[in-house]
Each structure stands twice: as structure tokens, then as C-alpha cells.
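Colleague: To be precise about what I am sending: the file is called work_30.cif and holds mmCIF, C-alpha atoms, pLDDT in the B column; chains and numbers go by the auth columns.
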```cif
data_model
#
loop_
_atom_site.group_PDB
_atom_site.id
_atom_site.type_symbol
_atom_site.label_atom_id
_atom_site.label_comp_id
_atom_site.label_asym_id
_atom_site.label_seq_id
_atom_site.Cartn_x
_atom_site.Cartn_y
_atom_site.Cartn_z
_atom_site.B_iso_or_equiv
_atom_site.auth_seq_id
_atom_site.auth_asym_id
ATOM 1 C CA THR A 1 -2.251 19.014 2.873 63.00 998 H
ATOM 2 C CA ASN A 2 -4.774 19.299 0.056 81.00 999 H
ATOM 3 C CA ALA A 3 -3.641 16.095 -1.621 90.00 1000 H
ATOM 4 C CA ASP A 4 -6.266 13.489 -2.480 95.00 1001 H
ATOM 5 C CA ILE A 5 -3.617 10.828 -3.120 96.00 1002 H
ATOM 6 C CA ILE A 6 -0.253 10.418 -1.429 97.00 1003 H
ATOM 7 C CA CYS A 7 2.356 7.997 -2.764 96.00 1004 H
ATOM 8 C CA THR A 8 5.350 7.116 -0.643 96.00 1005 H
ATOM 9 C CA ALA A 9 8.273 5.187 -2.067 95.00 1006 H
ATOM 10 C CA THR A 10 11.064 5.703 0.437 95.00 1007 H
ATOM 11 C CA ASN A 11 13.434 3.692 2.575 92.00 1008 H
ATOM 12 C CA SER A 12 12.794 5.919 5.577 94.00 1009 H
ATOM 13 C CA ALA A 13 13.113 4.696 9.142 94.00 1010 H
ATOM 14 C CA HIS A 14 10.598 7.344 10.249 96.00 1011 H
ATOM 15 C CA PRO A 15 7.249 8.619 8.902 97.00 1012 H
ATOM 16 C CA VAL A 16 7.662 11.069 6.035 97.00 1013 H
ATOM 17 C CA PHE A 17 4.486 13.057 6.779 96.00 1014 H
ATOM 18 C CA ASP A 18 2.401 13.985 9.816 95.00 1015 H
ATOM 19 C CA ASP A 19 -0.932 12.290 10.503 96.00 1016 H
ATOM 20 C CA ARG A 20 -2.470 15.715 11.203 95.00 1017 H
ATOM 21 C CA ASP A 21 -1.952 16.591 7.532 94.00 1018 H
ATOM 22 C CA ILE A 22 -4.139 13.716 6.301 96.00 1019 H
ATOM 23 C CA ARG A 23 -7.683 14.835 5.638 96.00 1020 H
ATOM 24 C CA PRO A 24 -10.771 12.652 5.237 96.00 1021 H
ATOM 25 C CA GLY A 25 -10.995 10.966 1.854 97.00 1022 H
ATOM 26 C CA THR A 26 -7.242 10.714 1.290 97.00 1023 H
ATOM 27 C CA HIS A 27 -5.806 7.598 -0.338 98.00 1024 H
ATOM 28 C CA ILE A 28 -2.222 6.563 0.417 98.00 1025 H
ATOM 29 C CA ASN A 29 -0.077 4.206 -1.662 97.00 1026 H
ATOM 30 C CA ALA A 30 2.806 3.132 0.578 96.00 1027 H
ATOM 31 C CA VAL A 31 5.210 1.107 -1.533 94.00 1028 H
ATOM 32 C CA GLY A 32 8.676 1.945 -0.264 91.00 1029 H
ATOM 33 C CA VAL A 33 9.279 0.494 3.180 88.00 1030 H
ATOM 34 C CA TYR A 34 9.915 -3.248 3.076 88.00 1031 H
ATOM 35 C CA LYS A 35 11.688 -4.050 6.343 93.00 1032 H
ATOM 36 C CA PRO A 36 10.223 -4.523 9.848 94.00 1033 H
ATOM 37 C CA HIS A 37 12.140 -1.596 11.372 95.00 1034 H
ATOM 38 C CA MET A 38 11.288 0.933 8.625 95.00 1035 H
ATOM 39 C CA GLN A 39 8.235 3.225 8.613 96.00 1036 H
ATOM 40 C CA GLU A 40 7.111 5.882 6.130 96.00 1037 H
ATOM 41 C CA VAL A 41 3.445 6.180 7.237 98.00 1038 H
ATOM 42 C CA PRO A 42 2.581 7.458 10.739 98.00 1039 H
ATOM 43 C CA ALA A 43 1.039 4.849 13.053 98.00 1040 H
ATOM 44 C CA ASN A 44 -2.016 7.057 13.706 97.00 1041 H
ATOM 45 C CA THR A 45 -2.668 7.303 9.961 98.00 1042 H
ATOM 46 C CA VAL A 46 -2.450 3.520 9.714 98.00 1043 H
ATOM 47 C CA LYS A 47 -4.938 3.285 12.590 98.00 1044 H
ATOM 48 C CA ARG A 48 -7.424 5.632 10.865 97.00 1045 H
ATOM 49 C CA ALA A 49 -7.178 3.951 7.461 98.00 1046 H
ATOM 50 C CA ARG A 50 -8.906 1.070 5.707 97.00 1047 H
ATOM 51 C CA ILE A 51 -5.861 -1.045 4.907 98.00 1048 H
ATOM 52 C CA VAL A 52 -5.452 -3.135 1.778 98.00 1049 H
ATOM 53 C CA VAL A 53 -2.201 -5.038 1.283 97.00 1050 H
ATOM 54 C CA ASP A 54 -0.612 -6.877 -1.599 94.00 1051 H
ATOM 55 C CA SER A 55 -0.057 -9.935 0.619 93.00 1052 H
ATOM 56 C CA ARG A 56 -0.968 -10.392 4.280 95.00 1053 H
ATOM 57 C CA GLN A 57 1.786 -12.953 4.760 94.00 1054 H
ATOM 58 C CA ALA A 58 4.509 -10.808 3.177 93.00 1055 H
ATOM 59 C CA CYS A 59 3.377 -7.665 5.008 95.00 1056 H
ATOM 60 C CA MET A 60 3.381 -9.491 8.351 96.00 1057 H
ATOM 61 C CA GLU A 61 7.021 -10.367 7.717 95.00 1058 H
ATOM 62 C CA GLU A 62 8.329 -7.164 6.133 94.00 1059 H
ATOM 63 C CA ALA A 63 6.054 -4.097 6.418 96.00 1060 H
ATOM 64 C CA GLY A 64 7.290 -1.897 9.236 96.00 1061 H
ATOM 65 C CA ASP A 65 4.409 0.471 8.436 97.00 1062 H
ATOM 66 C CA LEU A 66 2.129 -2.229 9.869 97.00 1063 H
ATOM 67 C CA LEU A 67 4.448 -4.205 12.142 97.00 1064 H
ATOM 68 C CA LEU A 68 5.561 -1.217 14.225 97.00 1065 H
ATOM 69 C CA PRO A 69 1.980 -0.030 15.037 97.00 1066 H
ATOM 70 C CA ILE A 70 1.088 -3.654 15.892 97.00 1067 H
ATOM 71 C CA LYS A 71 4.131 -3.907 18.185 97.00 1068 H
ATOM 72 C CA GLN A 72 3.118 -0.600 19.820 96.00 1069 H
ATOM 73 C CA GLY A 73 -0.439 -1.869 20.404 97.00 1070 H
ATOM 74 C CA ILE A 74 -1.958 0.822 18.160 97.00 1071 H
ATOM 75 C CA ILE A 75 -3.533 -1.703 15.774 97.00 1072 H
ATOM 76 C CA THR A 76 -3.825 -5.468 15.526 97.00 1073 H
ATOM 77 C CA GLN A 77 -3.254 -7.727 12.541 96.00 1074 H
ATOM 78 C CA GLU A 78 -7.055 -7.792 12.133 96.00 1075 H
ATOM 79 C CA HIS A 79 -6.916 -4.097 11.176 97.00 1076 H
ATOM 80 C CA ILE A 80 -5.823 -5.235 7.710 97.00 1077 H
ATOM 81 C CA TYR A 81 -9.080 -5.172 5.765 98.00 1078 H
ATOM 82 C CA ALA A 82 -8.196 -7.050 2.586 98.00 1079 H
ATOM 83 C CA GLU A 83 -5.609 -8.155 0.087 96.00 1080 H
ATOM 84 C CA LEU A 84 -5.570 -6.315 -3.239 92.00 1081 H
ATOM 85 C CA GLY A 85 -6.784 -9.444 -5.049 91.00 1082 H
ATOM 86 C CA GLU A 86 -9.943 -9.522 -2.901 96.00 1083 H
ATOM 87 C CA VAL A 87 -10.799 -5.949 -3.856 96.00 1084 H
ATOM 88 C CA VAL A 88 -9.991 -6.478 -7.544 92.00 1085 H
ATOM 89 C CA ALA A 89 -12.063 -9.692 -7.619 94.00 1086 H
ATOM 90 C CA GLY A 90 -14.981 -7.889 -5.955 95.00 1087 H
ATOM 91 C CA THR A 91 -15.154 -10.175 -2.935 97.00 1088 H
ATOM 92 C CA LYS A 92 -14.506 -7.171 -0.680 96.00 1089 H
ATOM 93 C CA PRO A 93 -15.444 -3.605 -1.542 94.00 1090 H
ATOM 94 C CA GLY A 94 -12.770 -0.943 -1.658 92.00 1091 H
ATOM 95 C CA ARG A 95 -13.603 2.536 -0.412 93.00 1092 H
ATOM 96 C CA THR A 96 -17.008 2.668 1.267 93.00 1093 H
ATOM 97 C CA SER A 97 -17.378 6.440 1.632 96.00 1094 H
ATOM 98 C CA ASP A 98 -15.918 9.666 0.261 96.00 1095 H
ATOM 99 C CA GLU A 99 -14.604 10.490 3.745 97.00 1096 H
ATOM 100 C CA GLU A 100 -12.776 7.217 4.328 97.00 1097 H
ATOM 101 C CA ILE A 101 -8.980 7.236 4.476 98.00 1098 H
ATOM 102 C CA THR A 102 -7.591 4.308 2.516 98.00 1099 H
ATOM 103 C CA LEU A 103 -4.090 2.848 2.584 98.00 1100 H
ATOM 104 C CA PHE A 104 -2.568 0.387 0.136 97.00 1101 H
ATOM 105 C CA LYS A 105 0.585 -1.161 1.594 97.00 1102 H
ATOM 106 C CA SER A 106 2.815 -3.097 -0.778 93.00 1103 H
ATOM 107 C CA VAL A 107 6.094 -4.835 -0.071 90.00 1104 H
ATOM 108 C CA GLY A 108 6.378 -6.164 -3.617 81.00 1105 H
ATOM 109 C CA ILE A 109 5.033 -9.458 -4.892 77.00 1106 H
ATOM 110 C CA ALA A 110 6.732 -10.969 -7.931 76.00 1107 H
ATOM 111 C CA VAL A 111 3.557 -12.508 -9.384 78.00 1108 H
ATOM 112 C CA GLN A 112 1.839 -9.089 -9.355 75.00 1109 H
ATOM 113 C CA ASP A 113 4.866 -7.547 -11.071 77.00 1110 H
ATOM 114 C CA ALA A 114 4.751 -10.277 -13.732 84.00 1111 H
ATOM 115 C CA ALA A 115 1.010 -9.784 -14.263 82.00 1112 H
ATOM 116 C CA ALA A 116 1.437 -6.020 -14.654 82.00 1113 H
ATOM 117 C CA ALA A 117 4.344 -6.498 -17.082 86.00 1114 H
ATOM 118 C CA SER A 118 2.275 -8.951 -19.115 90.00 1115 H
ATOM 119 C CA ALA A 119 -0.635 -6.510 -19.335 90.00 1116 H
ATOM 120 C CA VAL A 120 1.674 -3.690 -20.469 91.00 1117 H
ATOM 121 C CA LEU A 121 3.358 -5.933 -23.046 90.00 1118 H
ATOM 122 C CA THR A 122 0.022 -7.105 -24.435 91.00 1119 H
ATOM 123 C CA LYS A 123 -1.221 -3.514 -24.758 94.00 1120 H
ATOM 124 C CA ALA A 124 2.028 -2.342 -26.364 93.00 1121 H
ATOM 125 C CA GLU A 125 1.895 -5.184 -28.883 91.00 1122 H
ATOM 126 C CA SER A 126 -1.744 -4.385 -29.742 94.00 1123 H
ATOM 127 C CA LEU A 127 -0.723 -0.769 -30.435 94.00 1124 H
ATOM 128 C CA ASN A 128 2.425 -1.828 -32.316 92.00 1125 H
ATOM 129 C CA LEU A 129 4.621 0.086 -29.870 92.00 1126 H
ATOM 130 C CA GLY A 130 8.114 -0.666 -28.638 87.00 1127 H
ATOM 131 C CA SER A 131 10.798 -3.017 -29.794 84.00 1128 H
ATOM 132 C CA ARG A 132 11.390 -6.642 -28.949 79.00 1129 H
ATOM 133 C CA ILE A 133 14.929 -7.331 -27.750 85.00 1130 H
ATOM 134 C CA GLU A 134 16.292 -10.842 -27.339 86.00 1131 H
ATOM 135 C CA LEU A 135 18.565 -11.243 -24.344 86.00 1132 H
ATOM 136 C CA GLY A 136 21.136 -13.967 -24.696 77.00 1133 H
#
```
Just give me the structure of the file as C-alpha cells.

Modeller:
Amino acid sequence: TNADIICTATNSAHPVFDDRDIRPGTHINAVGVYKPHMQEVPANTVKRARIVVDSRQACMEEAGDLLLPIKQGIITQEHIYAELGEVVAGTKPGRTSDEEITLFKSVGIAVQDAAAASAVLTKAESLNLGSRIELG
């Protein structure tokens, strides 16, 4: 594939693309699979990638994309490079070369959803966009 960025948001039990199609420099956002038996990213792609997760703890309970390659002995838990917060805070660098394959694996963290919603609301209010609706 010629894609620079791949986003997967499926509930697939099997990888939705082939590792051979991933070229150097590709970034993958894998946000769909959230159960230990599900997998949308091939294990060999996971092995080749610098992995950043939303939460190590949550991913080690739910992310089949990581749990299945660990179970198969393809990677270890130490293959997870960082949590998103570490990269955002600058305590760990993100991509270190143009050729590096990077993978962000998210299983969904409520506090991150709330922070994103707050940022969008603040921006919308500053631009006087949208309507406020009271739910009763």
C-alpha cells in the first residue's frame, strides 16, 4: 500500500491487512479491537512497530492486537514503548526516524475522551459555534 497512515476501527477477529503491505514510515492507529481474542493488526506488524498505547494496564487486559502476539511469543509486554501521555508530555519521544513504523493502540480510556470533549467544547465556545442543550 502507499498509505502513510492507516486507521483501523473494526471488531474483527482477524487482521484486516497484510504485514507485507506495510512500508517503512507507516503510522497505524488501531482503535477498534477491544477484546483479548480480537485482532485487526497482524502480529508481524506489531513486532516491527514502535508501540504507544493509551493505557498499558487496559491494553494488557483487553487489546487482542497485543495480547495475541504476546501469547504466541512474537513479542513481550516490554515491546510496548510508551503510553500516549508520556509522548504528549515529552518524557518519551515519538517517532525517531522517517523509516520507523509506529502503532498507536487504543482500547478507549474515559478520561482521555473527557479531555478531548472538553478541548472541543472550549474551542467551539471561543468561536461561538454550536448550541448548548440542557438534558434533564

Colleague: Using only C-alpha atoms, which residue out of H:Ala1111, H:Ile1003, H:Ile1077, H:Val1050 lies closest to Asp1018 (chain H)?

Modeller: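 Result for the nearest residue to Asp1018 (chain H): H:Ile1003.
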
Colleague: Check the smallest atom-to-atom distance from each of H:Thr1099, H:Thr1005, H:Thr1088, H:Thr1023 to Val1043 (chain H) using all atoms listed in the file, then report the winner.

Modeller: H:Thr1099

Colleague: Go through H:Leu1065, H:Ala1006, H:Ala1086, H:Leu1124 and flag the residue nearest Pro1039 (chain H), using all atoms listed in the file for the distances.

Modeller: H:Leu1065

Colleague: Rank H:Asp1015, H:Asp1001, H:Glu1037, H:Asp1051 by their smallest atom-to-atom distance to Gly1082 (chain H), using only C-alpha atoms, and report the top residue only.

Modeller: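 Counting only C-alpha atoms, the residue closest to Gly1082 (chain H) is H:Asp1051.
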
Colleague: Written as a ChimeraX atom specification, which residues does the PyMOL selection byres ((chain H and resi 1019) around 9) give for the file shown?

Modeller: /H:998-1000,1014-1018,1020-1023,1042,1098

Colleague: Any idea what's packed within 12 Å of Glu1075 (chain H), counting all atoms listed in the file, ignoring anything in its chain fewer than 2 positions away? Could you give it as a list in words?

Modeller: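 Listed by chain and then number, they are Lys1044, Arg1047, Ile1048, Val1049, Arg1053, Met1057, Leu1063, Ile1067, Ile1071, Ile1072, Thr1073, Ile1077, Tyr1078 and Ala1079 of chain H.
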
Colleague: Need the axis-aligned box for region 1094-1099 of chain H with 3 Å each side, so what are the centre and edges in Å to one decimal, as JSON?

Modeller:
```
{"center_x": -12.5, "center_y": 7.4, "center_z": 2.4, "size_x": 15.8, "size_y": 12.2, "size_z": 10.2}
```

Colleague: Do you have the CA of Glu1083 (chain H)-CA of Gln1109 (chain H) distance handy?

Modeller: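 According to the coordinates, CA of Glu1083 (chain H) and CA of Gln1109 (chain H) are separated by 13.4 Å.
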
Colleague: Take the PyMOL selection byres ((chain H and resi 1106) around 12), apply it to the structure above, and return the hits as a ChimeraX atom specification.

Modeller: /H:1028,1031,1050-1056,1059,1080-1082,1102-1105,1107-1113

Colleague: One decimal, Å: what's the distance from CA of Pro1090 (chain H) over to CA of Gln1074 (chain H), could you say?

Modeller: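 Going from CA of Pro1090 (chain H) over to CA of Gln1074 (chain H), I get 19.1 Å.
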
Colleague: So what do you get for CA of Pro1012 (chain H) versus CA of Asp1062 (chain H), distance-wise?

Modeller: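 Answer for the CA of Pro1012 (chain H) to CA of Asp1062 (chain H) separation: 8.6 Å.
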
Colleague: For Glu1097 (chain H), which residue out of H:Ala1010, H:Ile1025, H:Ala1114, H:Cys1004 is the nearest one, using all atoms listed in the file?

Modeller: H:Ile1025

Colleague: From the set H:Leu1100, H:Leu1132, H:Leu1126, H:Ile1002, which residue has the shortest atom-to-atom contact distance to Ala1040 (chain H), counting only C-alpha atoms?

Modeller: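 Checking each candidate against Ala1040 (chain H), we get H:Leu1100 as the closest.
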